[in-house]
Structures are given as structure tokens and as C-alpha cells.
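Student: This is structure_19.pdb, which holds PDB, C-alpha atoms:
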```pdb
MODEL        1
ATOM      1  CA  MET A   1       0.939 144.342  80.970
ATOM      2  CA  PRO A   2       4.364 145.087  82.585
ATOM      3  CA  VAL A   3       3.570 143.259  85.831
ATOM      4  CA  TRP A   4       7.154 143.229  87.115
ATOM      5  CA  GLY A   5       7.570 146.969  86.521
ATOM      6  CA  LEU A   6       4.281 147.711  88.281
ATOM      7  CA  ALA A   7       5.340 145.573  91.243
ATOM      8  CA  ARG A   8       8.708 147.347  91.511
ATOM      9  CA  LEU A   9       7.052 150.747  91.272
ATOM     10  CA  ALA A  10       4.436 149.870  93.909
ATOM     11  CA  TRP A  11       7.121 148.628  96.288
ATOM     12  CA  HIS A  12       9.200 151.756  95.712
ATOM     13  CA  LEU A  13       6.182 153.906  96.570
ATOM     14  CA  VAL A  14       5.604 151.909  99.772
ATOM     15  CA  VAL A  15       9.255 152.360 100.753
ATOM     16  CA  GLY A  16       8.936 156.095 100.087
ATOM     17  CA  LEU A  17       5.814 156.325 102.232
ATOM     18  CA  LEU A  18       7.529 154.535 105.105
ATOM     19  CA  LYS A  19      10.601 156.772 104.910
ATOM     20  CA  VAL A  20       8.505 159.927 104.875
ATOM     21  CA  ALA A  21       6.345 158.738 107.771
ATOM     22  CA  LEU A  22       9.085 157.276 109.982
ATOM     23  CA  LEU A  23      12.299 159.085 109.025
ATOM     24  CA  PHE A  24      11.483 162.577 107.782
ATOM     25  CA  PRO A  25      10.267 163.929 111.149
ATOM     26  CA  PHE A  26      13.797 163.444 112.496
ATOM     27  CA  LEU A  27      15.711 164.910 109.535
ATOM     28  CA  GLY A  28      16.734 168.447 108.736
ATOM     29  CA  ALA A  29      16.014 170.111 105.395
ATOM     30  CA  ALA A  30      19.298 168.960 103.822
ATOM     31  CA  GLY A  31      18.732 165.353 104.847
ATOM     32  CA  ARG A  32      15.195 165.350 103.446
ATOM     33  CA  GLU A  33      16.391 166.855 100.165
ATOM     34  CA  ARG A  34      19.089 164.191  99.720
ATOM     35  CA  ARG A  35      16.570 161.406 100.254
ATOM     36  CA  ILE A  36      13.977 163.012  97.961
ATOM     37  CA  GLN A  37      16.593 163.331  95.237
ATOM     38  CA  ARG A  38      17.792 159.720  95.641
ATOM     39  CA  TRP A  39      14.242 158.342  95.781
ATOM     40  CA  SER A  40      13.216 160.352  92.692
ATOM     41  CA  ARG A  41      16.208 159.074  90.734
ATOM     42  CA  GLN A  42      15.307 155.514  91.651
ATOM     43  CA  LEU A  43      11.649 156.024  90.648
ATOM     44  CA  VAL A  44      12.631 157.500  87.280
ATOM     45  CA  ALA A  45      14.997 154.564  86.677
ATOM     46  CA  ILE A  46      12.293 152.013  87.544
ATOM     47  CA  CYS A  47      10.095 153.683  84.908
ATOM     48  CA  GLY A  48      12.841 153.125  82.346
ATOM     49  CA  VAL A  49      13.601 156.811  82.020
ATOM     50  CA  SER A  50      17.138 158.181  81.831
ATOM     51  CA  PHE A  51      17.674 161.893  82.338
ATOM     52  CA  SER A  52      20.094 164.715  81.695
ATOM     53  CA  ILE A  53      20.291 168.461  82.132
ATOM     54  CA  ASN A  54      21.229 170.408  79.027
ATOM     55  CA  ASP A  55      22.859 173.820  79.097
ATOM     56  CA  SER A  56      25.309 174.588  76.300
ATOM     57  CA  ALA A  57      26.096 177.997  77.822
ATOM     58  CA  GLN A  58      27.132 176.253  81.070
ATOM     59  CA  ARG A  59      25.055 178.627  83.154
ATOM     60  CA  GLU A  60      24.987 178.024  86.872
ATOM     61  CA  PRO A  61      21.457 177.592  88.278
ATOM     62  CA  VAL A  62      20.225 180.882  89.700
ATOM     63  CA  SER A  63      19.403 180.760  93.391
ATOM     64  CA  PRO A  64      17.226 181.987  94.921
ATOM     65  CA  ALA A  65      14.729 182.035  92.057
ATOM     66  CA  LEU A  66      11.192 181.049  91.127
ATOM     67  CA  ILE A  67      11.488 177.964  88.905
ATOM     68  CA  VAL A  68       9.018 177.350  86.066
ATOM     69  CA  CYS A  69       8.756 174.568  83.500
ATOM     70  CA  ASN A  70       6.394 173.228  80.840
ATOM     71  CA  HIS A  71       4.182 170.343  81.983
ATOM     72  CA  ILE A  72       3.828 166.974  80.238
ATOM     73  CA  SER A  73       3.356 164.239  82.821
ATOM     74  CA  TRP A  74       3.142 163.344  86.501
ATOM     75  CA  LEU A  75       6.767 162.266  85.976
ATOM     76  CA  ASP A  76       7.877 165.891  85.557
ATOM     77  CA  ILE A  77       8.087 166.549  89.304
ATOM     78  CA  PHE A  78      10.320 163.544  89.890
ATOM     79  CA  VAL A  79      12.537 164.262  86.881
ATOM     80  CA  MET A  80      13.132 167.794  88.170
ATOM     81  CA  ASN A  81      13.774 166.436  91.659
ATOM     82  CA  THR A  82      16.578 164.284  90.268
ATOM     83  CA  ILE A  83      18.463 167.516  89.519
ATOM     84  CA  HIS A  84      17.558 169.463  92.656
ATOM     85  CA  PRO A  85      14.535 168.860  94.914
ATOM     86  CA  CYS A  86      11.943 171.639  94.820
ATOM     87  CA  ARG A  87       8.729 172.603  96.541
ATOM     88  CA  PHE A  88       6.184 172.315  93.749
ATOM     89  CA  VAL A  89       2.866 174.053  93.314
ATOM     90  CA  ALA A  90       0.458 171.455  91.891
ATOM     91  CA  LYS A  91      -3.253 171.176  91.203
ATOM     92  CA  SER A  92      -5.244 169.899  94.155
ATOM     93  CA  ASP A  93      -6.461 166.858  92.162
ATOM     94  CA  ILE A  94      -3.061 165.206  92.696
ATOM     95  CA  ARG A  95      -3.665 165.044  96.440
ATOM     96  CA  SER A  96      -6.317 162.344  95.839
ATOM     97  CA  TRP A  97      -4.052 160.107  93.742
ATOM     98  CA  PRO A  98      -3.236 156.730  95.385
ATOM     99  CA  LEU A  99       0.060 156.810  97.294
ATOM    100  CA  ILE A 100       1.694 159.535  95.168
ATOM    101  CA  GLY A 101      -0.770 162.175  96.401
ATOM    102  CA  TRP A 102       0.094 161.551 100.052
ATOM    103  CA  LEU A 103       3.785 161.307  99.212
ATOM    104  CA  CYS A 104       3.771 164.647  97.345
ATOM    105  CA  GLU A 105       1.864 166.349 100.159
ATOM    106  CA  ASN A 106       4.302 165.162 102.807
ATOM    107  CA  THR A 107       7.425 166.056 100.839
ATOM    108  CA  GLY A 108       6.491 169.714 100.502
ATOM    109  CA  THR A 109       4.167 169.982  97.500
ATOM    110  CA  ILE A 110       1.865 173.011  97.678
ATOM    111  CA  PHE A 111      -1.620 172.240  96.350
ATOM    112  CA  ILE A 112      -3.803 174.859  94.716
ATOM    113  CA  ALA A 113      -7.483 174.608  93.761
ATOM    114  CA  ARG A 114      -8.440 175.620  90.229
ATOM    115  CA  GLY A 115     -10.409 178.817  89.778
ATOM    116  CA  LYS A 116     -10.291 179.882  93.432
ATOM    117  CA  GLN A 117      -8.784 183.365  93.593
ATOM    118  CA  ARG A 118      -8.646 183.296  97.388
ATOM    119  CA  ASP A 119      -6.576 180.106  97.196
ATOM    120  CA  VAL A 120      -4.208 181.748  94.707
ATOM    121  CA  ARG A 121      -3.626 184.677  97.097
ATOM    122  CA  ARG A 122      -2.946 182.295  99.988
ATOM    123  CA  ILE A 123      -0.509 180.246  97.924
ATOM    124  CA  TYR A 124       1.184 183.390  96.624
ATOM    125  CA  ALA A 125       1.942 184.619 100.145
ATOM    126  CA  GLY A 126       3.324 181.204 101.058
ATOM    127  CA  LEU A 127       5.555 181.144  97.974
ATOM    128  CA  VAL A 128       7.139 184.477  98.856
ATOM    129  CA  LYS A 129       7.888 183.233 102.372
ATOM    130  CA  SER A 130       9.328 179.949 101.083
ATOM    131  CA  ILE A 131      11.618 181.802  98.653
ATOM    132  CA  HIS A 132      12.780 184.130 101.419
ATOM    133  CA  ASP A 133      13.457 181.063 103.569
ATOM    134  CA  GLY A 134      15.854 179.792 100.898
ATOM    135  CA  GLU A 135      13.663 176.998  99.532
ATOM    136  CA  ARG A 136      13.561 176.091  95.829
ATOM    137  CA  VAL A 137      10.017 176.795  94.671
ATOM    138  CA  ALA A 138       8.740 175.561  91.304
ATOM    139  CA  PHE A 139       5.458 175.485  89.424
ATOM    140  CA  PHE A 140       4.025 174.612  86.022
ATOM    141  CA  PRO A 141       2.497 177.853  84.671
ATOM    142  CA  GLU A 142       0.414 176.105  81.993
ATOM    143  CA  GLY A 143      -1.777 174.888  84.843
ATOM    144  CA  THR A 144      -2.276 171.475  83.230
ATOM    145  CA  THR A 145      -0.386 168.964  81.124
ATOM    146  CA  ALA A 146      -0.023 169.384  77.375
ATOM    147  CA  PRO A 147       1.035 166.923  74.667
ATOM    148  CA  GLN A 148       4.674 167.139  73.679
ATOM    149  CA  GLY A 149       5.223 169.670  70.934
ATOM    150  CA  THR A 150       2.618 171.991  72.471
ATOM    151  CA  VAL A 151       3.245 174.759  75.018
ATOM    152  CA  LEU A 152       0.010 176.187  76.403
ATOM    153  CA  PRO A 153      -0.331 179.839  77.530
ATOM    154  CA  PHE A 154       1.377 180.539  80.851
ATOM    155  CA  HIS A 155      -0.882 181.769  83.648
ATOM    156  CA  ALA A 156       0.643 184.901  85.134
ATOM    157  CA  ASN A 157      -0.726 185.033  88.709
ATOM    158  CA  LEU A 158       2.025 183.146  90.525
ATOM    159  CA  PHE A 159       4.800 185.052  88.731
ATOM    160  CA  GLU A 160       3.925 187.890  91.101
ATOM    161  CA  ALA A 161       5.672 185.897  93.842
ATOM    162  CA  ALA A 162       9.035 186.363  92.096
ATOM    163  CA  ILE A 163       8.461 190.117  91.828
ATOM    164  CA  GLU A 164       7.478 190.396  95.486
ATOM    165  CA  ALA A 165      10.382 188.202  96.619
ATOM    166  CA  GLU A 166      12.750 190.220  94.379
ATOM    167  CA  VAL A 167      14.226 187.130  92.728
ATOM    168  CA  PRO A 168      14.523 186.182  89.032
ATOM    169  CA  VAL A 169      12.425 183.597  87.242
ATOM    170  CA  GLN A 170      14.435 180.513  86.255
ATOM    171  CA  PRO A 171      12.717 178.735  83.330
ATOM    172  CA  TYR A 172      13.377 175.156  82.246
ATOM    173  CA  ALA A 173      12.137 173.265  79.202
ATOM    174  CA  LEU A 174      11.428 169.540  79.508
ATOM    175  CA  ARG A 175      10.941 166.881  76.864
ATOM    176  CA  TYR A 176      10.942 163.078  76.706
ATOM    177  CA  LEU A 177      12.845 161.558  73.791
ATOM    178  CA  ASP A 178      12.941 158.150  72.105
ATOM    179  CA  ALA A 179      16.065 156.325  70.930
ATOM    180  CA  ASP A 180      16.114 158.340  67.688
ATOM    181  CA  GLY A 181      15.879 161.707  69.466
ATOM    182  CA  GLY A 182      12.211 162.249  68.602
ATOM    183  CA  LEU A 183       9.477 163.115  71.064
ATOM    184  CA  HIS A 184       8.216 160.004  72.878
ATOM    185  CA  ASP A 185       4.414 160.104  72.997
ATOM    186  CA  SER A 186       4.238 157.530  75.815
ATOM    187  CA  ALA A 187       5.120 160.370  78.197
ATOM    188  CA  ASP A 188       1.950 162.336  77.372
ATOM    189  CA  PHE A 189      -0.553 162.425  80.247
ATOM    190  CA  ILE A 190      -3.531 164.221  78.752
ATOM    191  CA  GLY A 191      -7.277 164.112  78.216
ATOM    192  CA  GLU A 192      -9.168 161.394  80.047
ATOM    193  CA  MET A 193      -6.086 159.233  80.657
ATOM    194  CA  THR A 194      -5.928 157.948  84.232
ATOM    195  CA  PHE A 195      -2.816 157.867  86.375
ATOM    196  CA  VAL A 196      -2.665 154.057  86.171
ATOM    197  CA  GLU A 197      -3.010 154.146  82.369
ATOM    198  CA  SER A 198      -0.152 156.632  82.196
ATOM    199  CA  VAL A 199       2.061 154.468  84.410
ATOM    200  CA  ILE A 200       1.424 151.413  82.219
ATOM    201  CA  ALA A 201       2.123 153.376  79.025
ATOM    202  CA  ILE A 202       5.465 154.564  80.427
ATOM    203  CA  LEU A 203       6.470 151.083  81.613
ATOM    204  CA  LYS A 204       5.586 149.646  78.192
ATOM    205  CA  SER A 205       7.398 152.391  76.293
ATOM    206  CA  GLY A 206      10.681 150.515  75.972
ATOM    207  CA  GLY A 207      12.527 153.357  77.691
ATOM    208  CA  MET A 208      12.803 157.083  77.107
ATOM    209  CA  HIS A 209      15.177 159.923  77.882
ATOM    210  CA  ALA A 210      14.077 163.001  79.845
ATOM    211  CA  GLU A 211      15.987 166.095  78.786
ATOM    212  CA  LEU A 212      15.764 169.120  81.066
ATOM    213  CA  ILE A 213      17.007 172.302  79.394
ATOM    214  CA  ARG A 214      18.113 175.142  81.658
ATOM    215  CA  LEU A 215      17.230 178.493  80.075
ATOM    216  CA  PRO A 216      18.449 182.029  80.785
ATOM    217  CA  ALA A 217      17.100 183.498  84.009
ATOM    218  CA  ILE A 218      14.608 186.347  83.623
ATOM    219  CA  PRO A 219      15.108 189.399  85.848
ATOM    220  CA  THR A 220      12.027 190.703  87.609
ATOM    221  CA  ASP A 221      13.117 194.231  88.516
ATOM    222  CA  GLY A 222      10.510 196.599  87.058
ATOM    223  CA  ALA A 223       8.612 193.760  85.343
ATOM    224  CA  HIS A 224       4.906 192.923  85.348
ATOM    225  CA  ARG A 225       3.794 189.358  85.968
ATOM    226  CA  ARG A 226       2.186 189.107  82.515
ATOM    227  CA  GLU A 227       5.444 190.171  80.884
ATOM    228  CA  LEU A 228       7.324 187.573  82.905
ATOM    229  CA  ALA A 229       4.860 184.853  81.927
ATOM    230  CA  ALA A 230       5.106 185.784  78.252
ATOM    231  CA  ALA A 231       8.920 185.938  78.328
ATOM    232  CA  ALA A 232       9.174 182.567  80.102
ATOM    233  CA  ARG A 233       6.764 180.919  77.668
ATOM    234  CA  GLU A 234       8.671 182.272  74.679
ATOM    235  CA  LEU A 235      11.949 180.869  75.985
ATOM    236  CA  VAL A 236      10.422 177.458  76.710
ATOM    237  CA  SER A 237       8.586 177.317  73.386
ATOM    238  CA  ASN A 238      11.721 178.278  71.444
ATOM    239  CA  ALA A 239      13.774 175.644  73.264
ATOM    240  CA  LEU A 240      11.276 172.919  72.387
ATOM    241  CA  SER A 241      10.772 174.058  68.799
ATOM    242  CA  PRO A 242      11.987 171.642  66.069
ATOM    243  CA  ALA A 243      13.986 174.560  64.670
ATOM    244  CA  SER A 244      15.988 174.824  67.891
ATOM    245  CA  ASP A 245      18.934 172.499  68.451
ATOM    246  CA  ALA A 246      18.997 170.178  71.494
ATOM    247  CA  ALA A 247      21.335 172.455  73.412
ATOM    248  CA  GLY A 248      19.159 175.511  72.998
ATOM    249  CA  SER A 249      21.914 177.510  71.303
ATOM    250  CA  ARG A 250      19.377 179.790  69.590
ATOM    251  CA  LEU A 251      17.773 180.974  72.794
ATOM    252  CA  ALA A 252      17.553 184.682  73.436
ATOM    253  CA  PRO A 253      20.309 186.035  75.715
ATOM    254  CA  THR A 254      19.495 187.264  79.192
ATOM    255  CA  ASP A 255      20.291 190.883  78.250
ATOM    256  CA  GLY A 256      17.603 190.806  75.572
ATOM    257  CA  LEU A 257      15.071 189.581  78.082
ATOM    258  CA  THR A 258      15.991 192.326  80.511
ATOM    259  CA  SER A 259      14.906 194.965  78.025
ATOM    260  CA  ALA A 260      11.886 192.930  76.935
ATOM    261  CA  VAL A 261      10.277 192.756  80.373
ATOM    262  CA  ARG A 262      10.865 196.374  81.292
TER     263      ARG A 262
ENDMDL
END
```
Is it possible to express this structure as C-alpha cells?
Tutor:
Amino acid sequence: MPVWGLARLAWHLVVGLLKVALLFPFLGAAGRERRIQRWSRQLVAICGVSFSINDSAQREPVSPALIVCNHISWLDIFVMNTIHPCRFVAKSDIRSWPLIGWLCENTGTIFIARGKQRDVRRIYAGLVKSIHDGERVAFFPEGTTAPQGTVLPFHANLFEAAIEAEVPVQPYALRYLDADGGLHDSADFIGEMTFVESVIAILKSGGMHAELIRLPAIPTDGAHRRELAAAARELVSNALSPASDAAGSRLAPTDGLTSAVR
């Protein structure tokens, strides 16, 4: 068992809790974002995970936008925060996780209960307000984690927030790679695996590389949420397909998506 790695990770979580409890109340939004980004980068490094953002077309990130990504692990939130901190929508189960649940809640994570339509409507209204307030809002439309190489159907409900806020959807594709460029199965957090088991698997993995691929933004003018969900899933799935190169050079252009969602 990687005792030293577990000890470092536990201490890092304690430091994060103390900063959030004692420092965050006195910081503005920019100050909190800088510390979330730095803390996330340190956590990812402790886990032995390097990271990069891949965009061969050199597209600038669209802002404001509703950010979506495929979901593999509890690590996904922190990997994305290394690039730019976001307010994430996450399943309510995470709130009960030791340390990380409290930390996520107090750094802006929005929790949603499964199968509760009233909760979805409440969250949706809050997302629109957050986007209008200039915050980066992100969610995982699969609704749960999936093993690498699999992209589950995207739930469409929360895509309505982008339509209402009149902003595009900015999709990302995420994968964890081994030294040979293959998918690293130690990142998978699926089935009956517990959070602690996942942490140990990652620490014992010997290191992995998280690659975040920025995809073309999807316009929402005149679109339906189901069309947006389908278009986003297709882009993500194509980017993660073995037939697609690492830079995503075969992805559909934005103009093609504009006609597809209308």
C-alpha cells in the first residue's frame, strides 16, 4: 500500500480544508480561483498525474459558456480545475465523501440529487444565474462515471441552461494515458469501487497523464437541449475514439455543428 502517498494526500486535504475555512471568507472571487487552481495542481501532482490541454486548432476557450466533459473519475474535477477553476454540478453522493465532499461543497460545487425533477429545475435556475454572473459552470452530462473507452448517453436536461443563458456549450474530452499513450485503467472509478480503493489504485499506478482535449464550441441559438446533448456527445466520443489522433484533428468543424443543431 502506498502509505507515503496516502499521508501526503491526507495532509494536502487538511491544508485545503483549513484554507477554505479560514482564508476563503476574506478573499474575492479571483483570489479563491487562484488558490483552487494551485491546490488542484498540487493534488494532481501528489497523485502522480501530469496533465496537459490539447487543442491543435489553437482555439481560445469560449467564455461565457456552459462547459461539459465526459466523466471517468473523482479526479476529473481537479484536473479541469488545473486549467481553469469551475463551478461543477455533481451528484449529491459526493457531499458525503470524507474531506473531499466538504471541500467540494465549500469551493462552489453544486450538488444535484438523482431522479428528482424538482431538484433539476432548482439547479437549472441557479446555473443560468451563475453563467450570467460570469462564473465558469461545468457538469458531466453522463451523470455517472464510465470506464475509459466508453462514453455513455448525455442527459439533456441541464443543457437547457445554456439555451436560456444564451451562451454556447463548450465540450471537452478527457482521458488518462500510460507511458505508451494507451488508456490507463487505474483511473477508472466504476461499479462498486470505493473512493479509498480508487485513491489507492491511482497512487499505485506508477503515474499517468491526464489529457484534456478542447473541442469546438456548440452554438445554442435555435437549438433544442436534446440536439445539444447529442452534438456534444458525438464530439467527445469522436475525440476519444482510437481512430481519432491525439490532437483531435478529425473533429467536426464548428460550422458543421451550427447546421446540425438547428
Student: Just say which residues the PyMOL selection byres ((chain A and resi 134) around 12) picks in this file, as a ChimeraX atom specification.
Tutor: /A:29-30,63-66,86-87,127-133,135-137,165,167
Student: What does the PyMOL selection byres ((chain A and resi 213) around 9) select in this file, as a list in words?
Tutor: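 Taken over the shown coordinates, the PyMOL selection byres ((chain A and resi 213) around 9) returns Ser52, Ile53, Asn54, Asp55, Pro171, Tyr172, Ala173, Leu174, Arg175, Glu211, Leu212, Arg214, Leu215, Val236, Ala239, Ala246, Ala247 and Gly248 of chain A.
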Student: When distances are computed from only C-alpha atoms, which of A:Ile100, A:Ala231, A:Val120, A:Ala210 shows the smallest separation from Gly182 in chain A?
Tutor: A:Ala210
Student: Using only C-alpha atoms, pick whichever of A:Glu192, A:Asp185, A:Arg34, A:Ile123 has the shortest atom-to-atom distance to Leu158 in chain A.
Tutor: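 Nearest to Leu158 in chain A: A:Ile123.
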Student: Would you work out the distance separating CA of Gly206 in chain A from CA of Val49 in chain A, expressed in Å to one decimal?
Tutor: 9.2 Å
Student: Which neighbours of range 141-155 of chain A fall inside 7 Å, counting only C-alpha atoms, when residues of the same chain fewer than 3 positions from it are skipped, and could you give them as an mmCIF file with C-alpha atoms, in the coordinates of the input?
Tutor:
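Output below, filename result.cif:
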```cif
data_model
loop_
_atom_site.group_PDB
_atom_site.id
_atom_site.type_symbol
_atom_site.label_atom_id
_atom_site.label_comp_id
_atom_site.auth_asym_id
_atom_site.auth_seq_id
_atom_site.Cartn_x
_atom_site.Cartn_y
_atom_site.Cartn_z
ATOM 1 C CA VAL A 68 9.018 177.350 86.066
ATOM 2 C CA ASN A 70 6.394 173.228 80.840
ATOM 3 C CA HIS A 71 4.182 170.343 81.983
ATOM 4 C CA ILE A 72 3.828 166.974 80.238
ATOM 5 C CA SER A 73 3.356 164.239 82.821
ATOM 6 C CA LEU A 183 9.477 163.115 71.064
ATOM 7 C CA ASP A 188 1.950 162.336 77.372
ATOM 8 C CA PHE A 189 -0.553 162.425 80.247
ATOM 9 C CA ILE A 190 -3.531 164.221 78.752
ATOM 10 C CA ALA A 229 4.860 184.853 81.927
ATOM 11 C CA ALA A 230 5.106 185.784 78.252
ATOM 12 C CA ARG A 233 6.764 180.919 77.668
ATOM 13 C CA SER A 237 8.586 177.317 73.386
#
```
Student: Using the chain letters and numbers from this file, what does the PyMOL selection byres ((chain A and resi 75-78) around 8) select? Give the answer as a PyMOL selection string.
Tutor: chain A and resi 40-41+43-44+71-74+79-82+88+174
Student: Let me see the file: selected residues, C-alpha atoms, as a CSV table (one decimal), in the frame of the given file.
Tutor:
```csv
chain,number,residue,atom,x,y,z
A,40,SER,CA,13.2,160.4,92.7
A,41,ARG,CA,16.2,159.1,90.7
A,43,LEU,CA,11.6,156.0,90.6
A,44,VAL,CA,12.6,157.5,87.3
A,71,HIS,CA,4.2,170.3,82.0
A,72,ILE,CA,3.8,167.0,80.2
A,73,SER,CA,3.4,164.2,82.8
A,74,TRP,CA,3.1,163.3,86.5
A,79,VAL,CA,12.5,164.3,86.9
A,80,MET,CA,13.1,167.8,88.2
A,81,ASN,CA,13.8,166.4,91.7
A,82,THR,CA,16.6,164.3,90.3
A,88,PHE,CA,6.2,172.3,93.7
A,174,LEU,CA,11.4,169.5,79.5
```
Student: Could you jot down the CA of Asp93 in chain A to CA of Gly126 in chain A separation for me, Å, one decimal place?
Tutor: 19.5 Å
Student: Identify which of the residues A:Arg122, A:Arg226, A:Arg8, A:Arg95 lies closest to Glu160 in chain A, counting only C-alpha atoms when measuring atom-to-atom distances.
Tutor: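 Checking each of A:Arg122, A:Arg226, A:Arg8, A:Arg95 against Glu160 in chain A, counting only C-alpha atoms, the winner is A:Arg226.
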Student: Tell me which of A:Leu23, A:Ala187, A:Ala232, A:Val89 sits closest to Tyr124 in chain A, counting all atoms listed in the file.
Tutor: A:Val89
Student: Using Å and a single decimal, report how far CA of His84 in chain A sits from CA of Glu60 in chain A.
Tutor: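 Computed distance, CA of Glu60 in chain A to CA of His84 in chain A, equals 12.7 Å.
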Student: Neighbouring residues of Thr107 in chain A were defined as those with any atom within 9 Å, considering only C-alpha atoms; residues of the same chain fewer than 3 positions away were excluded. Please report them as a list in words.
Tutor: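 Result of the neighbour search: Val20, Phe24, Arg32, Ile36, Arg87, Trp102, Leu103 and Cys104 of chain A.
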Student: Please produce a file of those selected residues containing C-alpha atoms, as a compact mmCIF listing (two decimals), in the coordinates of the input.
Tutor:
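selection-v8.txt, freshly written:
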```txt
# COMPACT_ATOMS: atom_id res chain seq x y z
CA VAL A 20 8.51 159.93 104.88
CA PHE A 24 11.48 162.58 107.78
CA ARG A 32 15.20 165.35 103.45
CA ILE A 36 13.98 163.01 97.96
CA ARG A 87 8.73 172.60 96.54
CA TRP A 102 0.09 161.55 100.05
CA LEU A 103 3.78 161.31 99.21
CA CYS A 104 3.77 164.65 97.34
```
Student: With distances taken over all atoms listed in the file, which residue among A:Leu177, A:Ala90, A:Ala125, A:Ile200 lies nearest Gly108 in chain A?
Tutor: A:Ala90
Student: Might you pull out every residue within 12 Å of Ala7 in chain A, with only C-alpha atoms counted and same-chain residues fewer than 6 positions away left off, and present them as a list in words?
Tutor: Met1, Leu13, Val14, Ile46, Cys47, Val199, Ile200 and Leu203 of chain A
Student: Could you please take those selected residues and save C-alpha atoms as a PDB file, in the frame of the given file?
Tutor:
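This is the output file out_17.pdb:
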```
ATOM      1  CA  MET A   1       0.939 144.342  80.970  1.00  0.00           C
ATOM      2  CA  LEU A  13       6.182 153.906  96.570  1.00  0.00           C
ATOM      3  CA  VAL A  14       5.604 151.909  99.772  1.00  0.00           C
ATOM      4  CA  ILE A  46      12.293 152.013  87.544  1.00  0.00           C
ATOM      5  CA  CYS A  47      10.095 153.683  84.908  1.00  0.00           C
ATOM      6  CA  VAL A 199       2.061 154.468  84.410  1.00  0.00           C
ATOM      7  CA  ILE A 200       1.424 151.413  82.219  1.00  0.00           C
ATOM      8  CA  LEU A 203       6.470 151.083  81.613  1.00  0.00           C
TER       9      LEU A 203
END
```
Student: With distances taken over all atoms listed in the file, which of A:Asn106, A:Asp180, A:Met193, A:Glu227 is nearest to Leu22 in chain A?
Tutor: A:Asn106
